[in-house]
Amino acid sequence: MAEVKVNARSLQCPGPIVKLFKACQGCAAGDVIVVEATDPGFKKDVEAWCKRTGNELLALEERDGVFIARVKKT
Amino acid sequence: MSKKLVVIGGVAAGAKAAAKARREHPDWEIVVLEKGEDISYAGCGLPYFIGDVIKEREELVVRTPEYFKDAFNIDVLVHHEATRVDVDKKEVCAKDLVTGEEKVFPYDKLVIATGASPVKPRVPGIDLPGVFTLRTVSDAEGIRRALLPKDSPRGMKGVVVGGGMIGIEVAENLKLRGLDVTVVELTDQVLPGFDFEMARLVQKHMEEKGVRVLTGEKVESIEKGEDGKVATVITSQRRIPCDVVIWATGVRPDTSLPKGAGIELGPTGAIKVNENMETSVKDVFAVGDCAENVNLITQKPAWYPMGSTANKMGRIAALNLEPDRVLGEEGGAKTRPGLKGVLGTTVLKVFDMNAAKTGLSEAQARAEGFDVETVLVPANDRAHYYPGYRMIVTKLVADKKTGRILGAQVVGDGVVDKPIDIIVTAITLGARVEDLQNLDLAYAPPFSMAMSSTIVAANVMMNKLTGRVKGIDPVTLKRRLGDENLQIVDVRTPAEIVLGTIPGAIHIPLNELSSRCGELDRSKEQVLVCKVGLRAYLGSLILKNKGFENVKILDGGMTVWPYEIE
């Protein structure tokens, strides 16, 4: 089970979700993708995206203005 | 003999008028009659007192009668209700509500600041214990007591009737105290004065925070439980169990006193005043929520009961008590200070969202007969690479004929008061869209985007006014869903389409639009959609370049789209 880091800081719409989407395509089931983004829209997007794609949102937190999402590919 | 000033009402405008009058007239006798328990209290802070953000009544009461006596030599008589004004004899009759004694106060100048009271329609059960309005500190204390029959209000059920500013602020504060909160609003949106799609952003946020918001629902009655206290709110559509009800369906001016004295009221029902706060009767002034305003844009009488306006009115009345008095050694400064009008500017916070407006909404502007253009522009409040920035949506309303800005609404998680205050200033000075486009606004990444949200909105407006782009607003597009002559094209990336799109939209990512535009039926009206509107605009340029004639973008993109997605 690999952990893939994705730096999507300073990217605006649609940057972060596209980066997550691409990273996810390159991962195997069970891998965890950790995305760091500063786009505040990413918070809702990643929640909705995981719900719709069935990938698991393990954690979502905001630290000093940076949103950190841990997504497990299913 | 020194002159006598009597002020009726001592909350915001009245207290301000009295204090300023003292600075202007050190030798006058000044009396303030207040029927309530407190003077000079922060009425706008009451929702936060319910929320326990403000913990003690003392924090809300800005000044006391003792302070007014000590600092200003002003006699403040609380629990004194003015019962009659005789403008011929120039005297005010008042009743001491504690002793029952009737007293007479002669005046040379009179300032009426009787304020406004909550609207309480004759709904069965509205007077039950547990049903409250919120206007005074005592009201708020009553609500606080009702929330604490036990140690914590957690799990109690609250119903707020009315989705205006006060209703929303109260709903937030009840929720923060752990109540289960339902807001019932008669019209189809919260926040009257905002346009539907902007109000929906606020409503959605409240719902995400766990407040149930029921629009288009009328409260028909309120029922009590076995203990005699409020137990159920009955609306046109359901029964809502509750422990406490806050009735917040607006206020109306308190004008029985001036009406009885023959002082003229305006078409809004508030006391008619000129820009110097003079009423129709000589030496009688009216200020604050009981008095009328003029809308700066329409120049028509309007009524905006706002604390900010009340304080200005109080000050202006005090400066005009003896307007012909020569000021200064040079004898200059004889122009009379006046309030030319107001814009109905408001701002509120609800949970993590802020909403502000000024001037006319689109609906109001159309009702006034303006031919309007509007834009809906999501943007950031600060530089996108500076962590902590947030999104705000700006709606601008402009007069197509003159390019004059008529109004604005700004809603979002970010800073909204700065952009709205910029636009307030611009509108007040008669700005047109191009004036707004070129403002030299303060910029560094922690404060703004290099092109601030306001300037971007003005630029989009100018693109529309000059025919560079055509928009369709979400309300209109929703109405036209299913129209065979309309083709919706979502130009976002595949990753975003997963998040949902508008029903019936086809998907062509922007970078494929040029090569795949043959898939589109040219005879149809094309509506391009993206997240905020930028890519849709770029797409519209591509299609126009390919010879498409009828191309529009969805104003505000998916960010503002207030309806269902698929």
# chains A, B, ... in the order shown; residues from 1 in each chain; ligands from 1
$ residues_around --residues "stretch 59-68 of chain A" --least-positions-apart "5" --cutoff "9 Å" --atoms "only C-alpha atoms" --output "count of residues only"
16
$ interface_residues --of "chain B" --to "chain A" --cutoff "10 Å" --atoms "only C-alpha atoms" --output "PyMOL selection string"
chain B and resi 380+383-391+413-414+492-500+530-532+559
$ select_by_dssp --residues "chain A" --states "strand (DSSP E)" --output "JSON, numbers by chain"
{"A": [3, 4, 5, 6, 7, 8, 32, 33, 34, 35, 36, 37, 56, 57, 58, 59, 60, 61, 62, 63, 66, 67, 68, 69, 70, 71, 72]}
$ write_last_selection --atoms "N, CA and C atoms" --output "compact mmCIF listing (two decimals), in the first residue's frame"
# COMPACT_ATOMS: atom_id res chain seq x y z
N GLU A 3 1.76 5.37 -0.33
CA GLU A 3 1.16 6.66 -0.03
C GLU A 3 1.70 7.67 -1.03
N VAL A 4 0.80 8.31 -1.74
CA VAL A 4 1.19 9.24 -2.79
C VAL A 4 0.91 10.66 -2.33
N LYS A 5 1.94 11.51 -2.39
CA LYS A 5 1.71 12.91 -1.99
C LYS A 5 1.44 13.77 -3.21
N VAL A 6 0.44 14.61 -3.11
CA VAL A 6 0.11 15.52 -4.21
C VAL A 6 0.12 16.95 -3.68
N ASN A 7 1.01 17.77 -4.24
CA ASN A 7 1.03 19.17 -3.83
C ASN A 7 0.17 19.99 -4.79
N ALA A 8 -0.99 20.36 -4.32
CA ALA A 8 -1.89 21.18 -5.16
C ALA A 8 -2.04 22.58 -4.57
N VAL A 32 -3.08 5.26 -0.68
CA VAL A 32 -3.63 6.47 -0.07
C VAL A 32 -3.01 7.70 -0.74
N ILE A 33 -3.86 8.60 -1.17
CA ILE A 33 -3.38 9.83 -1.80
C ILE A 33 -3.57 10.97 -0.79
N VAL A 34 -2.49 11.70 -0.55
CA VAL A 34 -2.58 12.84 0.37
C VAL A 34 -2.45 14.12 -0.45
N VAL A 35 -3.52 14.88 -0.49
CA VAL A 35 -3.53 16.11 -1.29
C VAL A 35 -3.46 17.31 -0.37
N GLU A 36 -2.56 18.22 -0.68
CA GLU A 36 -2.51 19.48 0.04
C GLU A 36 -2.93 20.59 -0.91
N ALA A 37 -3.96 21.34 -0.51
CA ALA A 37 -4.48 22.39 -1.39
C ALA A 37 -4.78 23.64 -0.57
N GLU A 56 -12.52 6.46 -0.63
CA GLU A 56 -12.79 6.75 0.77
C GLU A 56 -12.01 7.97 1.25
N LEU A 57 -12.73 8.93 1.81
CA LEU A 57 -12.07 10.10 2.39
C LEU A 57 -11.71 9.77 3.83
N LEU A 58 -10.42 9.48 4.06
CA LEU A 58 -10.00 9.05 5.40
C LEU A 58 -9.96 10.24 6.37
N ALA A 59 -9.51 11.38 5.86
CA ALA A 59 -9.39 12.54 6.74
C ALA A 59 -9.38 13.81 5.90
N LEU A 60 -9.90 14.87 6.50
CA LEU A 60 -9.86 16.17 5.83
C LEU A 60 -9.68 17.22 6.91
N GLU A 61 -8.56 17.91 6.87
CA GLU A 61 -8.35 18.94 7.90
C GLU A 61 -7.76 20.19 7.28
N GLU A 62 -7.91 21.27 8.03
CA GLU A 62 -7.31 22.53 7.60
C GLU A 62 -6.25 22.93 8.61
N ARG A 63 -5.05 23.17 8.09
CA ARG A 63 -3.95 23.58 8.97
C ARG A 63 -3.31 24.84 8.38
N VAL A 66 -4.14 25.58 4.87
CA VAL A 66 -3.91 24.51 3.89
C VAL A 66 -4.87 23.35 4.19
N PHE A 67 -5.59 22.92 3.17
CA PHE A 67 -6.50 21.79 3.33
C PHE A 67 -5.76 20.50 2.99
N ILE A 68 -5.81 19.55 3.91
CA ILE A 68 -5.10 18.29 3.70
C ILE A 68 -6.13 17.17 3.68
N ALA A 69 -6.22 16.51 2.52
CA ALA A 69 -7.18 15.41 2.37
C ALA A 69 -6.42 14.09 2.20
N ARG A 70 -6.85 13.06 2.94
CA ARG A 70 -6.29 11.71 2.76
C ARG A 70 -7.38 10.86 2.13
N VAL A 71 -7.10 10.43 0.91
CA VAL A 71 -8.10 9.68 0.14
C VAL A 71 -7.56 8.28 -0.16
N LYS A 72 -8.36 7.28 0.19
CA LYS A 72 -7.96 5.89 -0.08
C LYS A 72 -8.67 5.41 -1.32
$ atom_distance --atom1 "atom CA of B:Gly467" --atom2 "atom CA of B:Leu538"
14.3 Å
$ atom_distance --atom1 "atom CA of B:Ala398" --atom2 "atom CA of B:Leu554"
18.1 Å
$ atom_distance --atom1 "atom CA of B:Val416" --atom2 "atom CA of B:Asp195"
16.2 Å
$ select_by_dssp --residues "chain A" --states "helix (DSSP H, G or I)" --output "ChimeraX atom specification"
/A:15-25,41-53
$ residues_around --residues "B:Val76" --least-positions-apart "6" --cutoff "10 Å" --atoms "only C-alpha atoms" --output "PyMOL selection string"
chain B and resi 7+9-10+15+18+30-34+39+64-69
$ residues_around --residues "stretch 243-250 of chain B" --least-positions-apart "3" --cutoff "9 Å" --atoms "only C-alpha atoms" --output "PyMOL selection string"
chain B and resi 117-120+126+129-134+143+146-147+156-167+170-171+185+229-233
$ residues_around --residues "B:Ser448" --least-positions-apart "4" --cutoff "6 Å" --atoms "only C-alpha atoms" --output "number ranges by chain"
B: 381-383, 443, 452
$ residues_around --residues "A:Gly30" --least-positions-apart "5" --cutoff "9 Å" --atoms "only C-alpha atoms" --output "MDAnalysis selection string"
chainID A and resid 1:2 72:74
$ write_last_selection --atoms "C-alpha atoms" --output "short mmCIF file (atom, residue, chain, number, x, y, z; two decimals), in the first residue's frame"
data_model
loop_
_atom_site.label_atom_id
_atom_site.label_comp_id
_atom_site.auth_asym_id
_atom_site.auth_seq_id
_atom_site.Cartn_x
_atom_site.Cartn_y
_atom_site.Cartn_z
CA MET A 1 0.00 0.00 0.00
CA ALA A 2 1.71 3.13 -1.19
CA LYS A 72 -7.96 5.89 -0.08
CA LYS A 73 -8.49 4.46 -3.52
CA THR A 74 -11.02 1.65 -3.46
#
$ residues_around --residues "B:Ile553" --least-positions-apart "3" --cutoff "10 Å" --atoms "only C-alpha atoms" --output "number ranges by chain"
B: 469-473, 488-489, 526-530, 533-540, 556-557
$ write_last_selection --atoms "C-alpha atoms" --output "compact mmCIF listing (two decimals), in the first residue's frame"
# COMPACT_ATOMS: atom_id res chain seq x y z
CA VAL B 469 -20.10 38.19 -23.53
CA LYS B 470 -23.72 37.39 -22.94
CA GLY B 471 -24.88 35.79 -19.73
CA ILE B 472 -27.87 33.90 -18.50
CA ASP B 473 -28.66 33.98 -14.80
CA ILE B 488 -26.17 23.43 -22.19
CA VAL B 489 -22.48 22.61 -22.54
CA GLN B 526 -25.65 27.51 -26.47
CA VAL B 527 -25.18 28.02 -22.72
CA LEU B 528 -21.66 27.27 -21.53
CA VAL B 529 -21.09 26.26 -17.95
CA CYS B 530 -17.96 25.96 -15.80
CA GLY B 533 -17.59 31.49 -15.36
CA LEU B 534 -14.08 32.11 -16.68
CA ARG B 535 -13.74 28.94 -18.77
CA ALA B 536 -17.30 29.36 -20.02
CA TYR B 537 -16.33 32.85 -21.20
CA LEU B 538 -13.23 31.49 -22.97
CA GLY B 539 -15.41 28.78 -24.51
CA SER B 540 -17.90 31.36 -25.72
CA GLY B 556 -21.72 32.50 -11.53
CA GLY B 557 -21.16 28.98 -12.89
$ decode --residues "stretch 421-451 of chain B" --atoms "N, CA and C atoms" --output "PDB file, in the first residue's frame"
ATOM      1  N   ASP B 421     -18.193  47.944   1.020  1.00  0.00           N
ATOM      2  CA  ASP B 421     -17.961  49.348   1.388  1.00  0.00           C
ATOM      3  C   ASP B 421     -17.321  50.144   0.240  1.00  0.00           C
ATOM      4  N   ILE B 422     -16.500  49.452  -0.554  1.00  0.00           N
ATOM      5  CA  ILE B 422     -15.947  50.118  -1.747  1.00  0.00           C
ATOM      6  C   ILE B 422     -17.097  50.516  -2.670  1.00  0.00           C
ATOM      7  N   ILE B 423     -18.026  49.578  -2.844  1.00  0.00           N
ATOM      8  CA  ILE B 423     -19.122  49.829  -3.786  1.00  0.00           C
ATOM      9  C   ILE B 423     -20.107  50.861  -3.215  1.00  0.00           C
ATOM     10  N   VAL B 424     -20.299  50.823  -1.898  1.00  0.00           N
ATOM     11  CA  VAL B 424     -21.130  51.853  -1.248  1.00  0.00           C
ATOM     12  C   VAL B 424     -20.575  53.240  -1.586  1.00  0.00           C
ATOM     13  N   THR B 425     -19.285  53.367  -1.418  1.00  0.00           N
ATOM     14  CA  THR B 425     -18.648  54.664  -1.679  1.00  0.00           C
ATOM     15  C   THR B 425     -18.817  55.052  -3.142  1.00  0.00           C
ATOM     16  N   ALA B 426     -18.592  54.072  -4.002  1.00  0.00           N
ATOM     17  CA  ALA B 426     -18.705  54.343  -5.438  1.00  0.00           C
ATOM     18  C   ALA B 426     -20.121  54.789  -5.795  1.00  0.00           C
ATOM     19  N   ILE B 427     -21.120  54.043  -5.313  1.00  0.00           N
ATOM     20  CA  ILE B 427     -22.512  54.380  -5.654  1.00  0.00           C
ATOM     21  C   ILE B 427     -22.865  55.762  -5.117  1.00  0.00           C
ATOM     22  N   THR B 428     -22.429  56.026  -3.879  1.00  0.00           N
ATOM     23  CA  THR B 428     -22.750  57.307  -3.253  1.00  0.00           C
ATOM     24  C   THR B 428     -22.208  58.474  -4.078  1.00  0.00           C
ATOM     25  N   LEU B 429     -21.053  58.228  -4.710  1.00  0.00           N
ATOM     26  CA  LEU B 429     -20.455  59.296  -5.511  1.00  0.00           C
ATOM     27  C   LEU B 429     -20.898  59.212  -6.975  1.00  0.00           C
ATOM     28  N   GLY B 430     -21.900  58.378  -7.234  1.00  0.00           N
ATOM     29  CA  GLY B 430     -22.472  58.325  -8.585  1.00  0.00           C
ATOM     30  C   GLY B 430     -21.645  57.575  -9.608  1.00  0.00           C
ATOM     31  N   ALA B 431     -20.850  56.609  -9.144  1.00  0.00           N
ATOM     32  CA  ALA B 431     -19.913  55.938 -10.047  1.00  0.00           C
ATOM     33  C   ALA B 431     -20.606  55.132 -11.131  1.00  0.00           C
ATOM     34  N   ARG B 432     -19.936  55.057 -12.280  1.00  0.00           N
ATOM     35  CA  ARG B 432     -20.347  54.149 -13.335  1.00  0.00           C
ATOM     36  C   ARG B 432     -19.398  52.962 -13.320  1.00  0.00           C
ATOM     37  N   VAL B 433     -19.715  51.951 -14.120  1.00  0.00           N
ATOM     38  CA  VAL B 433     -18.930  50.715 -14.090  1.00  0.00           C
ATOM     39  C   VAL B 433     -17.458  50.997 -14.363  1.00  0.00           C
ATOM     40  N   GLU B 434     -17.192  51.886 -15.323  1.00  0.00           N
ATOM     41  CA  GLU B 434     -15.792  52.131 -15.685  1.00  0.00           C
ATOM     42  C   GLU B 434     -15.018  52.802 -14.554  1.00  0.00           C
ATOM     43  N   ASP B 435     -15.716  53.545 -13.704  1.00  0.00           N
ATOM     44  CA  ASP B 435     -15.038  54.141 -12.547  1.00  0.00           C
ATOM     45  C   ASP B 435     -14.568  53.046 -11.595  1.00  0.00           C
ATOM     46  N   LEU B 436     -15.423  52.030 -11.437  1.00  0.00           N
ATOM     47  CA  LEU B 436     -15.107  50.936 -10.535  1.00  0.00           C
ATOM     48  C   LEU B 436     -13.940  50.100 -11.088  1.00  0.00           C
ATOM     49  N   GLN B 437     -13.911  49.945 -12.404  1.00  0.00           N
ATOM     50  CA  GLN B 437     -12.876  49.127 -13.042  1.00  0.00           C
ATOM     51  C   GLN B 437     -11.470  49.621 -12.740  1.00  0.00           C
ATOM     52  N   ASN B 438     -11.347  50.921 -12.597  1.00  0.00           N
ATOM     53  CA  ASN B 438     -10.003  51.494 -12.530  1.00  0.00           C
ATOM     54  C   ASN B 438      -9.600  52.013 -11.162  1.00  0.00           C
ATOM     55  N   LEU B 439     -10.346  51.639 -10.139  1.00  0.00           N
ATOM     56  CA  LEU B 439      -9.996  52.116  -8.796  1.00  0.00           C
ATOM     57  C   LEU B 439      -8.614  51.612  -8.399  1.00  0.00           C
ATOM     58  N   ASP B 440      -7.832  52.469  -7.805  1.00  0.00           N
ATOM     59  CA  ASP B 440      -6.495  52.095  -7.347  1.00  0.00           C
ATOM     60  C   ASP B 440      -6.614  51.534  -5.929  1.00  0.00           C
ATOM     61  N   LEU B 441      -7.047  50.284  -5.837  1.00  0.00           N
ATOM     62  CA  LEU B 441      -7.305  49.674  -4.529  1.00  0.00           C
ATOM     63  C   LEU B 441      -6.027  49.126  -3.925  1.00  0.00           C
ATOM     64  N   ALA B 442      -6.014  49.049  -2.605  1.00  0.00           N
ATOM     65  CA  ALA B 442      -4.839  48.550  -1.889  1.00  0.00           C
ATOM     66  C   ALA B 442      -4.597  47.090  -2.241  1.00  0.00           C
ATOM     67  N   TYR B 443      -3.356  46.758  -2.550  1.00  0.00           N
ATOM     68  CA  TYR B 443      -3.052  45.370  -2.905  1.00  0.00           C
ATOM     69  C   TYR B 443      -1.732  44.868  -2.338  1.00  0.00           C
ATOM     70  N   ALA B 444      -1.804  43.757  -1.666  1.00  0.00           N
ATOM     71  CA  ALA B 444      -0.676  42.871  -1.388  1.00  0.00           C
ATOM     72  C   ALA B 444      -1.339  41.526  -1.145  1.00  0.00           C
ATOM     73  N   PRO B 445      -0.631  40.414  -1.382  1.00  0.00           N
ATOM     74  CA  PRO B 445      -1.280  39.096  -1.336  1.00  0.00           C
ATOM     75  C   PRO B 445      -2.143  38.805  -0.110  1.00  0.00           C
ATOM     76  N   PRO B 446      -1.724  39.214   1.113  1.00  0.00           N
ATOM     77  CA  PRO B 446      -2.580  38.862   2.256  1.00  0.00           C
ATOM     78  C   PRO B 446      -3.892  39.649   2.301  1.00  0.00           C
ATOM     79  N   PHE B 447      -4.045  40.657   1.434  1.00  0.00           N
ATOM     80  CA  PHE B 447      -5.208  41.523   1.518  1.00  0.00           C
ATOM     81  C   PHE B 447      -6.163  41.429   0.341  1.00  0.00           C
ATOM     82  N   SER B 448      -5.644  41.127  -0.831  1.00  0.00           N
ATOM     83  CA  SER B 448      -6.480  41.241  -2.024  1.00  0.00           C
ATOM     84  C   SER B 448      -5.842  40.442  -3.150  1.00  0.00           C
ATOM     85  N   MET B 449      -6.623  40.212  -4.200  1.00  0.00           N
ATOM     86  CA  MET B 449      -6.023  39.728  -5.434  1.00  0.00           C
ATOM     87  C   MET B 449      -5.454  40.944  -6.161  1.00  0.00           C
ATOM     88  N   ALA B 450      -4.499  40.706  -7.071  1.00  0.00           N
ATOM     89  CA  ALA B 450      -3.933  41.822  -7.824  1.00  0.00           C
ATOM     90  C   ALA B 450      -5.047  42.544  -8.572  1.00  0.00           C
ATOM     91  N   MET B 451      -5.968  41.765  -9.126  1.00  0.00           N
ATOM     92  CA  MET B 451      -7.209  42.339  -9.645  1.00  0.00           C
ATOM     93  C   MET B 451      -8.264  41.987  -8.610  1.00  0.00           C
TER      94      MET B 451
END
